[in-house]
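Colleague: Quick one, run.txt (compact mmCIF, N, CA and C atoms and all ligand atoms):
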# COMPACT_ATOMS: atom_id res chain seq x y z
N MET A 1 -46.02 -22.85 107.57
CA MET A 1 -44.71 -23.04 108.21
C MET A 1 -44.82 -22.95 109.72
N ALA A 2 -45.65 -22.00 110.19
CA ALA A 2 -45.84 -21.84 111.63
C ALA A 2 -46.39 -23.12 112.26
N ALA A 3 -47.31 -23.76 111.54
CA ALA A 3 -47.92 -24.99 112.06
C ALA A 3 -46.87 -26.08 112.23
N VAL A 4 -45.94 -26.14 111.29
CA VAL A 4 -44.88 -27.14 111.37
C VAL A 4 -44.01 -26.90 112.60
N ALA A 5 -43.67 -25.63 112.83
CA ALA A 5 -42.84 -25.28 113.98
C ALA A 5 -43.53 -25.68 115.28
N VAL A 6 -44.82 -25.40 115.38
CA VAL A 6 -45.59 -25.75 116.57
C VAL A 6 -45.59 -27.27 116.77
N ALA A 7 -45.83 -28.00 115.66
CA ALA A 7 -45.87 -29.46 115.74
C ALA A 7 -44.53 -30.01 116.23
N ARG A 8 -43.43 -29.40 115.79
CA ARG A 8 -42.11 -29.88 116.21
C ARG A 8 -41.90 -29.65 117.70
N ARG A 9 -42.35 -28.50 118.18
CA ARG A 9 -42.19 -28.21 119.61
C ARG A 9 -42.98 -29.20 120.46
N ARG A 10 -44.09 -29.68 119.90
CA ARG A 10 -44.90 -30.65 120.64
C ARG A 10 -44.32 -32.06 120.57
N GLY A 11 -43.17 -32.22 119.94
CA GLY A 11 -42.51 -33.52 119.94
C GLY A 11 -42.82 -34.39 118.75
N ARG A 12 -43.34 -33.81 117.67
CA ARG A 12 -43.56 -34.59 116.45
C ARG A 12 -42.19 -35.01 115.92
N PRO A 13 -42.08 -36.26 115.42
CA PRO A 13 -40.78 -36.69 114.90
C PRO A 13 -40.30 -35.77 113.79
N GLN A 14 -39.01 -35.53 113.77
CA GLN A 14 -38.46 -34.60 112.80
C GLN A 14 -38.54 -35.15 111.37
N ASN A 15 -38.39 -36.45 111.22
CA ASN A 15 -38.47 -37.05 109.89
C ASN A 15 -39.84 -37.69 109.69
N PRO A 16 -40.67 -37.04 108.89
CA PRO A 16 -42.06 -37.50 108.80
C PRO A 16 -42.23 -38.77 107.96
N LEU A 17 -43.35 -39.44 108.16
CA LEU A 17 -43.69 -40.65 107.42
C LEU A 17 -44.44 -40.33 106.13
N THR A 18 -44.96 -39.12 106.05
CA THR A 18 -45.63 -38.69 104.81
C THR A 18 -45.14 -37.29 104.46
N ILE A 19 -45.27 -36.95 103.18
CA ILE A 19 -44.85 -35.62 102.75
C ILE A 19 -45.93 -34.60 103.08
N VAL A 20 -47.17 -34.92 102.78
CA VAL A 20 -48.30 -34.06 103.18
C VAL A 20 -49.24 -34.90 104.03
N PRO A 21 -50.12 -34.26 104.82
CA PRO A 21 -51.11 -35.06 105.57
C PRO A 21 -51.92 -35.90 104.58
N PRO A 22 -52.10 -37.20 104.85
CA PRO A 22 -52.78 -38.07 103.87
C PRO A 22 -54.14 -37.53 103.41
N ALA A 23 -54.83 -36.82 104.28
CA ALA A 23 -56.14 -36.28 103.90
C ALA A 23 -56.04 -35.20 102.83
N ASP A 24 -54.85 -34.65 102.63
CA ASP A 24 -54.66 -33.60 101.62
C ASP A 24 -54.52 -34.14 100.20
N VAL A 25 -54.31 -35.45 100.08
CA VAL A 25 -54.15 -36.05 98.75
C VAL A 25 -55.53 -36.11 98.09
N VAL A 26 -55.62 -35.57 96.87
CA VAL A 26 -56.93 -35.42 96.23
C VAL A 26 -57.46 -36.75 95.72
N ASP A 27 -58.77 -36.82 95.55
CA ASP A 27 -59.38 -37.98 94.92
C ASP A 27 -58.97 -38.03 93.46
N THR A 28 -58.93 -39.24 92.91
CA THR A 28 -58.55 -39.39 91.51
C THR A 28 -59.50 -38.60 90.60
N VAL A 29 -60.74 -38.50 91.00
CA VAL A 29 -61.74 -37.74 90.22
C VAL A 29 -61.29 -36.29 90.07
N VAL A 30 -60.77 -35.71 91.14
CA VAL A 30 -60.30 -34.33 91.10
C VAL A 30 -59.14 -34.20 90.11
N LEU A 31 -58.29 -35.21 90.14
CA LEU A 31 -57.13 -35.21 89.26
C LEU A 31 -57.54 -35.21 87.79
N MET A 32 -58.55 -36.01 87.46
CA MET A 32 -59.02 -36.11 86.08
C MET A 32 -59.56 -34.77 85.60
N ASP A 33 -60.05 -33.99 86.53
CA ASP A 33 -60.73 -32.75 86.19
C ASP A 33 -59.81 -31.53 86.36
N LEU A 34 -58.54 -31.82 86.60
CA LEU A 34 -57.59 -30.75 86.91
C LEU A 34 -57.39 -29.81 85.72
N LYS A 35 -57.57 -28.53 85.97
CA LYS A 35 -57.32 -27.55 84.91
C LYS A 35 -56.33 -26.52 85.42
N VAL A 36 -55.15 -26.54 84.83
CA VAL A 36 -54.14 -25.56 85.22
C VAL A 36 -53.60 -24.92 83.95
N ASN A 37 -53.19 -23.69 84.05
CA ASN A 37 -52.51 -23.08 82.90
C ASN A 37 -51.10 -22.67 83.32
N ALA A 38 -50.31 -22.22 82.35
CA ALA A 38 -48.91 -21.91 82.61
C ALA A 38 -48.76 -20.86 83.68
N LYS A 39 -49.62 -19.86 83.65
CA LYS A 39 -49.52 -18.78 84.63
C LYS A 39 -49.78 -19.32 86.04
N PHE A 40 -50.78 -20.18 86.16
CA PHE A 40 -51.10 -20.77 87.46
C PHE A 40 -49.91 -21.60 87.98
N ILE A 41 -49.38 -22.46 87.11
CA ILE A 41 -48.24 -23.30 87.52
C ILE A 41 -47.07 -22.43 87.97
N HIS A 42 -46.78 -21.41 87.17
CA HIS A 42 -45.62 -20.57 87.44
C HIS A 42 -45.81 -19.71 88.69
N THR A 43 -47.02 -19.23 88.91
CA THR A 43 -47.28 -18.31 90.02
C THR A 43 -47.49 -19.05 91.33
N TRP A 44 -48.13 -20.21 91.27
CA TRP A 44 -48.56 -20.86 92.50
C TRP A 44 -47.86 -22.18 92.80
N ILE A 45 -47.27 -22.81 91.82
CA ILE A 45 -46.74 -24.16 92.08
C ILE A 45 -45.21 -24.20 92.01
N THR A 46 -44.62 -23.77 90.91
CA THR A 46 -43.17 -23.94 90.76
C THR A 46 -42.39 -22.78 91.40
N VAL A 47 -42.93 -22.20 92.44
CA VAL A 47 -42.26 -21.09 93.13
C VAL A 47 -41.04 -21.57 93.91
N ASP A 48 -41.11 -22.76 94.47
CA ASP A 48 -39.95 -23.33 95.14
C ASP A 48 -40.10 -24.85 95.21
N TYR A 49 -39.06 -25.49 95.66
CA TYR A 49 -39.04 -26.96 95.68
C TYR A 49 -40.20 -27.54 96.49
N GLU A 50 -40.36 -27.02 97.71
CA GLU A 50 -41.35 -27.61 98.61
C GLU A 50 -42.78 -27.47 98.09
N THR A 51 -43.09 -26.32 97.55
CA THR A 51 -44.43 -26.09 97.01
C THR A 51 -44.69 -27.04 95.84
N THR A 52 -43.70 -27.17 94.98
CA THR A 52 -43.83 -28.07 93.82
C THR A 52 -44.00 -29.51 94.28
N ARG A 53 -43.12 -29.93 95.16
CA ARG A 53 -43.18 -31.32 95.67
C ARG A 53 -44.53 -31.60 96.31
N ASN A 54 -44.99 -30.70 97.18
CA ASN A 54 -46.26 -30.92 97.87
C ASN A 54 -47.44 -30.96 96.89
N TRP A 55 -47.40 -30.13 95.90
CA TRP A 55 -48.48 -30.11 94.90
C TRP A 55 -48.50 -31.44 94.14
N LEU A 56 -47.32 -31.92 93.74
CA LEU A 56 -47.23 -33.20 93.03
C LEU A 56 -47.74 -34.34 93.89
N VAL A 57 -47.42 -34.30 95.18
CA VAL A 57 -47.87 -35.37 96.09
C VAL A 57 -49.39 -35.28 96.27
N ARG A 58 -49.90 -34.07 96.50
CA ARG A 58 -51.35 -33.92 96.70
C ARG A 58 -52.13 -34.37 95.47
N HIS A 59 -51.51 -34.24 94.30
CA HIS A 59 -52.18 -34.64 93.06
C HIS A 59 -51.74 -36.02 92.57
N ARG A 60 -51.13 -36.79 93.46
CA ARG A 60 -50.80 -38.20 93.20
C ARG A 60 -49.76 -38.41 92.11
N LEU A 61 -48.97 -37.39 91.83
CA LEU A 61 -47.93 -37.55 90.82
C LEU A 61 -46.60 -37.95 91.46
N LEU A 62 -46.54 -37.83 92.78
CA LEU A 62 -45.44 -38.39 93.57
C LEU A 62 -46.08 -39.09 94.76
N ALA A 63 -45.43 -40.17 95.22
CA ALA A 63 -45.98 -40.91 96.36
C ALA A 63 -45.86 -40.09 97.65
N ASN A 64 -46.84 -40.24 98.51
CA ASN A 64 -46.84 -39.51 99.78
C ASN A 64 -46.09 -40.26 100.88
N SER A 65 -45.77 -41.53 100.63
CA SER A 65 -45.06 -42.31 101.63
C SER A 65 -44.30 -43.43 100.91
N ALA A 66 -43.46 -44.12 101.64
CA ALA A 66 -42.70 -45.22 101.03
C ALA A 66 -42.51 -46.32 102.06
N THR A 67 -42.41 -47.54 101.56
CA THR A 67 -42.23 -48.70 102.44
C THR A 67 -40.94 -49.40 102.08
N CYS A 68 -40.18 -49.75 103.09
CA CYS A 68 -38.92 -50.46 102.88
C CYS A 68 -39.20 -51.85 102.31
N ARG A 69 -38.49 -52.20 101.24
CA ARG A 69 -38.74 -53.48 100.58
C ARG A 69 -38.24 -54.66 101.43
N GLN A 70 -37.23 -54.38 102.25
CA GLN A 70 -36.65 -55.48 103.02
C GLN A 70 -37.50 -55.85 104.24
N TYR A 71 -37.92 -54.83 104.99
CA TYR A 71 -38.67 -55.12 106.23
C TYR A 71 -40.12 -54.66 106.17
N HIS A 72 -40.50 -54.09 105.04
CA HIS A 72 -41.87 -53.61 104.87
C HIS A 72 -42.28 -52.62 105.95
N ARG A 73 -41.32 -51.81 106.37
CA ARG A 73 -41.61 -50.76 107.34
C ARG A 73 -41.76 -49.44 106.62
N ALA A 74 -42.54 -48.56 107.21
CA ALA A 74 -42.71 -47.23 106.64
C ALA A 74 -41.39 -46.47 106.72
N MET A 75 -40.99 -45.87 105.61
CA MET A 75 -39.74 -45.11 105.58
C MET A 75 -40.03 -43.66 105.99
N ARG A 76 -38.96 -42.96 106.37
CA ARG A 76 -39.12 -41.57 106.80
C ARG A 76 -38.42 -40.63 105.82
N LEU A 77 -39.03 -39.49 105.63
CA LEU A 77 -38.47 -38.48 104.75
C LEU A 77 -37.27 -37.84 105.45
N THR A 78 -36.10 -37.96 104.82
CA THR A 78 -34.86 -37.58 105.48
C THR A 78 -34.04 -36.66 104.58
N LYS A 79 -33.52 -35.59 105.16
CA LYS A 79 -32.68 -34.65 104.39
C LYS A 79 -31.44 -35.34 103.88
N CYS A 80 -31.03 -34.99 102.66
CA CYS A 80 -29.80 -35.55 102.09
C CYS A 80 -29.22 -34.51 101.14
N GLU A 81 -28.31 -33.71 101.64
CA GLU A 81 -27.78 -32.57 100.87
C GLU A 81 -26.95 -33.01 99.66
N GLU A 82 -26.45 -34.27 99.67
CA GLU A 82 -25.61 -34.71 98.55
C GLU A 82 -26.41 -34.96 97.28
N LEU A 83 -27.71 -35.13 97.41
CA LEU A 83 -28.51 -35.41 96.22
C LEU A 83 -28.52 -34.19 95.29
N GLU A 84 -28.54 -34.48 94.00
CA GLU A 84 -28.40 -33.40 93.03
C GLU A 84 -29.61 -32.46 93.04
N PHE A 85 -30.80 -33.01 93.15
CA PHE A 85 -31.98 -32.16 93.00
C PHE A 85 -32.86 -32.07 94.26
N ASP A 86 -33.28 -33.18 94.78
CA ASP A 86 -34.35 -33.12 95.77
C ASP A 86 -33.86 -32.85 97.19
N LYS A 87 -32.61 -33.16 97.47
CA LYS A 87 -32.02 -32.90 98.80
C LYS A 87 -32.73 -33.62 99.94
N GLU A 88 -33.49 -34.65 99.60
CA GLU A 88 -34.16 -35.46 100.62
C GLU A 88 -34.54 -36.78 99.97
N GLN A 89 -34.71 -37.77 100.81
CA GLN A 89 -35.07 -39.10 100.30
C GLN A 89 -35.78 -39.86 101.41
N TRP A 90 -36.40 -40.97 101.03
CA TRP A 90 -36.99 -41.86 102.03
C TRP A 90 -35.89 -42.72 102.61
N ARG A 91 -35.95 -42.92 103.91
CA ARG A 91 -34.94 -43.77 104.52
C ARG A 91 -35.60 -44.66 105.59
N CYS A 92 -35.17 -45.93 105.57
CA CYS A 92 -35.68 -46.89 106.55
C CYS A 92 -34.81 -46.80 107.80
N ARG A 93 -35.43 -46.67 108.94
CA ARG A 93 -34.68 -46.59 110.19
C ARG A 93 -34.06 -47.92 110.58
N ASP A 94 -34.67 -49.01 110.11
CA ASP A 94 -34.21 -50.32 110.53
C ASP A 94 -33.02 -50.82 109.72
N CYS A 95 -33.07 -50.65 108.39
CA CYS A 95 -31.99 -51.18 107.57
C CYS A 95 -31.21 -50.09 106.85
N SER A 96 -31.59 -48.82 107.05
CA SER A 96 -30.91 -47.68 106.43
C SER A 96 -31.06 -47.62 104.92
N MET A 97 -31.91 -48.47 104.36
CA MET A 97 -32.16 -48.41 102.93
C MET A 97 -32.73 -47.04 102.56
N ALA A 98 -32.19 -46.46 101.49
CA ALA A 98 -32.67 -45.15 101.04
C ALA A 98 -33.36 -45.30 99.69
N GLN A 99 -34.32 -44.44 99.45
CA GLN A 99 -35.08 -44.50 98.21
C GLN A 99 -35.45 -43.09 97.78
N SER A 100 -35.33 -42.83 96.50
CA SER A 100 -35.68 -41.51 95.97
C SER A 100 -37.17 -41.23 96.18
N ILE A 101 -37.49 -39.97 96.43
CA ILE A 101 -38.92 -39.62 96.54
C ILE A 101 -39.58 -39.71 95.16
N ARG A 102 -38.76 -39.83 94.10
CA ARG A 102 -39.30 -39.92 92.74
C ARG A 102 -39.56 -41.35 92.30
N LYS A 103 -39.19 -42.32 93.13
CA LYS A 103 -39.29 -43.72 92.70
C LYS A 103 -40.69 -44.06 92.21
N SER A 104 -40.71 -44.79 91.08
CA SER A 104 -41.96 -45.23 90.44
C SER A 104 -42.86 -44.08 90.00
N SER A 105 -42.29 -42.91 89.86
CA SER A 105 -43.08 -41.78 89.36
C SER A 105 -42.59 -41.40 87.97
N PHE A 106 -43.34 -40.55 87.34
CA PHE A 106 -43.00 -40.01 86.04
C PHE A 106 -41.63 -39.31 86.07
N PHE A 107 -41.23 -38.85 87.25
CA PHE A 107 -40.04 -38.01 87.39
C PHE A 107 -38.78 -38.82 87.68
N GLU A 108 -38.91 -40.13 87.78
CA GLU A 108 -37.85 -40.97 88.30
C GLU A 108 -36.50 -40.80 87.60
N ASP A 109 -36.49 -40.80 86.28
CA ASP A 109 -35.22 -40.86 85.57
C ASP A 109 -34.71 -39.53 85.03
N ALA A 110 -35.43 -38.48 85.23
CA ALA A 110 -35.05 -37.22 84.59
C ALA A 110 -33.99 -36.47 85.38
N HIS A 111 -33.10 -35.82 84.66
CA HIS A 111 -32.05 -35.03 85.30
C HIS A 111 -32.45 -33.56 85.33
N LEU A 112 -33.53 -33.31 85.99
CA LEU A 112 -34.07 -31.95 86.10
C LEU A 112 -34.70 -31.80 87.48
N SER A 113 -34.83 -30.57 87.92
CA SER A 113 -35.53 -30.35 89.18
C SER A 113 -37.02 -30.64 88.97
N LEU A 114 -37.73 -30.87 90.04
CA LEU A 114 -39.17 -31.10 89.93
C LEU A 114 -39.86 -29.89 89.32
N MET A 115 -39.38 -28.69 89.65
CA MET A 115 -39.98 -27.47 89.11
C MET A 115 -39.84 -27.43 87.59
N GLU A 116 -38.61 -27.70 87.12
CA GLU A 116 -38.38 -27.67 85.66
C GLU A 116 -39.23 -28.74 84.97
N GLN A 117 -39.29 -29.91 85.59
CA GLN A 117 -40.04 -30.99 84.95
C GLN A 117 -41.52 -30.70 84.86
N LEU A 118 -42.06 -30.14 85.92
CA LEU A 118 -43.49 -29.85 85.91
C LEU A 118 -43.81 -28.84 84.82
N GLU A 119 -42.96 -27.85 84.66
CA GLU A 119 -43.21 -26.85 83.62
C GLU A 119 -43.10 -27.48 82.23
N ILE A 120 -42.13 -28.38 82.07
CA ILE A 120 -41.98 -29.06 80.77
C ILE A 120 -43.20 -29.92 80.46
N ILE A 121 -43.68 -30.65 81.47
CA ILE A 121 -44.87 -31.47 81.25
C ILE A 121 -46.03 -30.60 80.80
N TYR A 122 -46.17 -29.46 81.44
CA TYR A 122 -47.26 -28.57 81.06
C TYR A 122 -47.15 -28.19 79.59
N TRP A 123 -45.95 -27.75 79.18
CA TRP A 123 -45.80 -27.30 77.79
C TRP A 123 -46.00 -28.44 76.81
N TRP A 124 -45.60 -29.64 77.22
CA TRP A 124 -45.81 -30.80 76.36
C TRP A 124 -47.28 -31.12 76.20
N THR A 125 -47.98 -31.13 77.30
CA THR A 125 -49.39 -31.52 77.25
C THR A 125 -50.23 -30.49 76.51
N THR A 126 -49.66 -29.31 76.32
CA THR A 126 -50.43 -28.31 75.58
C THR A 126 -49.96 -28.21 74.12
N ASP A 127 -49.22 -29.28 73.67
CA ASP A 127 -48.87 -29.38 72.25
C ASP A 127 -47.91 -28.33 71.74
N ASN A 128 -47.11 -27.78 72.61
CA ASN A 128 -46.10 -26.85 72.12
C ASN A 128 -44.94 -27.63 71.49
N SER A 129 -44.29 -27.04 70.54
CA SER A 129 -43.15 -27.70 69.91
C SER A 129 -41.97 -27.71 70.88
N GLN A 130 -41.00 -28.59 70.63
CA GLN A 130 -39.82 -28.64 71.49
C GLN A 130 -39.09 -27.30 71.48
N VAL A 131 -39.04 -26.66 70.33
CA VAL A 131 -38.35 -25.37 70.24
C VAL A 131 -39.04 -24.34 71.14
N ALA A 132 -40.36 -24.32 71.09
CA ALA A 132 -41.11 -23.37 71.93
C ALA A 132 -40.85 -23.66 73.41
N ILE A 133 -40.80 -24.94 73.76
CA ILE A 133 -40.58 -25.30 75.16
C ILE A 133 -39.18 -24.85 75.60
N MET A 134 -38.19 -25.08 74.73
CA MET A 134 -36.82 -24.70 75.09
C MET A 134 -36.70 -23.19 75.30
N LEU A 135 -37.34 -22.44 74.43
CA LEU A 135 -37.31 -20.98 74.56
C LEU A 135 -38.00 -20.54 75.85
N GLU A 136 -39.16 -21.14 76.08
CA GLU A 136 -39.98 -20.75 77.22
C GLU A 136 -39.29 -21.05 78.54
N LEU A 137 -38.62 -22.19 78.59
CA LEU A 137 -38.06 -22.65 79.86
C LEU A 137 -36.55 -22.46 79.95
N ASN A 138 -35.96 -22.00 78.86
CA ASN A 138 -34.53 -21.75 78.86
C ASN A 138 -33.71 -23.00 79.21
N VAL A 139 -34.09 -24.12 78.61
CA VAL A 139 -33.33 -25.36 78.81
C VAL A 139 -32.80 -25.84 77.46
N SER A 140 -31.74 -26.61 77.50
CA SER A 140 -31.12 -27.09 76.27
C SER A 140 -31.89 -28.28 75.70
N HIS A 141 -31.64 -28.57 74.45
CA HIS A 141 -32.32 -29.70 73.81
C HIS A 141 -31.95 -31.00 74.48
N LYS A 142 -30.68 -31.13 74.87
CA LYS A 142 -30.24 -32.36 75.53
C LYS A 142 -31.02 -32.58 76.83
N THR A 143 -31.18 -31.51 77.60
CA THR A 143 -31.91 -31.61 78.86
C THR A 143 -33.34 -32.06 78.61
N LEU A 144 -33.93 -31.51 77.58
CA LEU A 144 -35.34 -31.75 77.30
C LEU A 144 -35.63 -33.19 76.93
N ILE A 145 -34.70 -33.81 76.15
CA ILE A 145 -34.98 -35.17 75.69
C ILE A 145 -34.48 -36.23 76.67
N ASP A 146 -33.81 -35.84 77.74
CA ASP A 146 -33.29 -36.80 78.72
C ASP A 146 -34.40 -37.54 79.45
ZN ZN A 201 -35.70 -51.31 105.98
Is it possible to express this structure as structure tokens?
Modeller:
Amino acid sequence: MAAVAVARRRGRPQNPLTIVPPADVVDTVVLMDLKVNAKFIHTWITVDYETTRNWLVRHRLLANSATCRQYHRAMRLTKCEELEFDKEQWRCRDCSMAQSIRKSSFFEDAHLSLMEQLEIIYWWTTDNSQVAIMLELNVSHKTLID
């Protein structure tokens, strides 16, 4: 966080073009070899929105940048408090087109926070039953199948 504050004082644009520094995005090979367990996810990743989002971006599960379809310009990550979950979106400075940070990702259509979704994916990939997932995550059946 301190590094971000310093960067801002030096005149870095407030709305960034990427979520994490591009060099932080892992190689696909790393992704294939990824080993996480529930405790790791819960302790280190789903602690808050930003940590979850950055982890998903670094592991290529969310895009690190977006391009405006109309002018093919790089969009900027912009705060948007009206959004139900992410409170930010990509926005083009030229045409004001906005785009969800979830676009074209696994998370695009779900009505859950990124934190909730990541935990659900974990429980699913480890072959837990829906009932076990609901108990573990305290979510309703309707939420789970959405
Ligand atoms: Zn545009």
Colleague: Set the distance at 5 Å and use only N, CA and C atoms: which residues neighbour stretch 16-28 of chain A once local chain neighbours fewer than 2 positions away are removed? I'd like the list as a list of chain:residue names.
Modeller: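 Listing them by chain and then by number gives A:Gln14, A:Val30, A:Leu31, A:Met32, A:Arg58, A:Asn64, A:Ser65, A:Met75, A:Arg76, A:Leu77.
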Colleague: May I have the residues within 6 Å of ligand ZN 201 (chain A), computed using only N, CA and C atoms and all ligand atoms, as a PDB file with N, CA and C atoms, in the frame of the given file?
Modeller:
ATOM      1  N   CYS A  68     -40.180 -49.750 103.090  1.00  0.00           N
ATOM      2  CA  CYS A  68     -38.920 -50.460 102.880  1.00  0.00           C
ATOM      3  C   CYS A  68     -39.200 -51.850 102.310  1.00  0.00           C
ATOM      4  N   ARG A  69     -38.490 -52.200 101.240  1.00  0.00           N
ATOM      5  CA  ARG A  69     -38.740 -53.480 100.580  1.00  0.00           C
ATOM      6  C   ARG A  69     -38.240 -54.660 101.430  1.00  0.00           C
ATOM      7  N   GLN A  70     -37.230 -54.380 102.250  1.00  0.00           N
ATOM      8  CA  GLN A  70     -36.650 -55.480 103.020  1.00  0.00           C
ATOM      9  C   GLN A  70     -37.500 -55.850 104.240  1.00  0.00           C
ATOM     10  N   TYR A  71     -37.920 -54.830 104.990  1.00  0.00           N
ATOM     11  CA  TYR A  71     -38.670 -55.120 106.230  1.00  0.00           C
ATOM     12  C   TYR A  71     -40.120 -54.660 106.170  1.00  0.00           C
ATOM     13  N   HIS A  72     -40.500 -54.090 105.040  1.00  0.00           N
ATOM     14  CA  HIS A  72     -41.870 -53.610 104.870  1.00  0.00           C
ATOM     15  C   HIS A  72     -42.280 -52.620 105.950  1.00  0.00           C
ATOM     16  N   ARG A  73     -41.320 -51.810 106.370  1.00  0.00           N
ATOM     17  CA  ARG A  73     -41.610 -50.760 107.340  1.00  0.00           C
ATOM     18  C   ARG A  73     -41.760 -49.440 106.620  1.00  0.00           C
ATOM     19  N   CYS A  92     -35.170 -45.930 105.570  1.00  0.00           N
ATOM     20  CA  CYS A  92     -35.680 -46.890 106.550  1.00  0.00           C
ATOM     21  C   CYS A  92     -34.810 -46.800 107.800  1.00  0.00           C
ATOM     22  N   ARG A  93     -35.430 -46.670 108.940  1.00  0.00           N
ATOM     23  CA  ARG A  93     -34.680 -46.590 110.190  1.00  0.00           C
ATOM     24  C   ARG A  93     -34.060 -47.920 110.580  1.00  0.00           C
ATOM     25  N   ASP A  94     -34.670 -49.010 110.110  1.00  0.00           N
ATOM     26  CA  ASP A  94     -34.210 -50.320 110.530  1.00  0.00           C
ATOM     27  C   ASP A  94     -33.020 -50.820 109.720  1.00  0.00           C
ATOM     28  N   CYS A  95     -33.070 -50.650 108.390  1.00  0.00           N
ATOM     29  CA  CYS A  95     -31.990 -51.180 107.570  1.00  0.00           C
ATOM     30  C   CYS A  95     -31.210 -50.090 106.850  1.00  0.00           C
ATOM     31  N   SER A  96     -31.590 -48.820 107.050  1.00  0.00           N
ATOM     32  CA  SER A  96     -30.910 -47.680 106.430  1.00  0.00           C
ATOM     33  C   SER A  96     -31.060 -47.620 104.920  1.00  0.00           C
ATOM     34  N   MET A  97     -31.910 -48.470 104.360  1.00  0.00           N
ATOM     35  CA  MET A  97     -32.160 -48.410 102.930  1.00  0.00           C
ATOM     36  C   MET A  97     -32.730 -47.040 102.560  1.00  0.00           C
TER      37      MET A  97
END
Colleague: Env of stretch 112-124 of chain A: 6.5 Å cut, atoms = all atoms listed in the file, seq-sep filter 6 positions within chain, self excluded. Answer as a list in words.
Modeller: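 Once the nearby chain positions are removed, what remains is Thr46, Tyr49, Thr52, Phe85 and Ile133 of chain A.
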Colleague: In Å, how far is it from atom N of A:Asn37 to atom C of A:Trp55?
Modeller: 13.6 Å
Colleague: Rounded to one decimal place, report the atom CA of A:Asn15-atom CA of A:Ile41 distance in Å.
Modeller: 28.0 Å
Colleague: Based on DSSP run over this structure's backbone, return all residues of stretch 41-131 of chain A in helix (DSSP H, G or I), as a PyMOL selection string.
Modeller: chain A and resi 41-45+49-58+114-125+130-131
Colleague: Restricting the calculation to only N, CA and C atoms, which member of A:Lys39, A:His111, A:Arg91, A:Arg102 is positioned closest to A:Thr67?
Modeller: A:Arg91
Colleague: Quick one, how far is atom CA of A:Phe106 from atom C of A:His42?
Modeller: 20.7 Å
Colleague: Would you please work out which residue, of A:Leu34, A:Ala74, A:Leu56, A:Ile101, is nearest to A:Gln89 when using all atoms listed in the file?
Modeller: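 So, comparing all the options, the nearest one is A:Ile101.
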Colleague: Select, from A:Glu82, A:Thr43, A:Ala66, A:Arg53, the residue with the minimum atom-to-atom distance to A:Gln99, counting only C-alpha atoms.
Modeller: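 The answer is A:Ala66, which sits nearest to A:Gln99.
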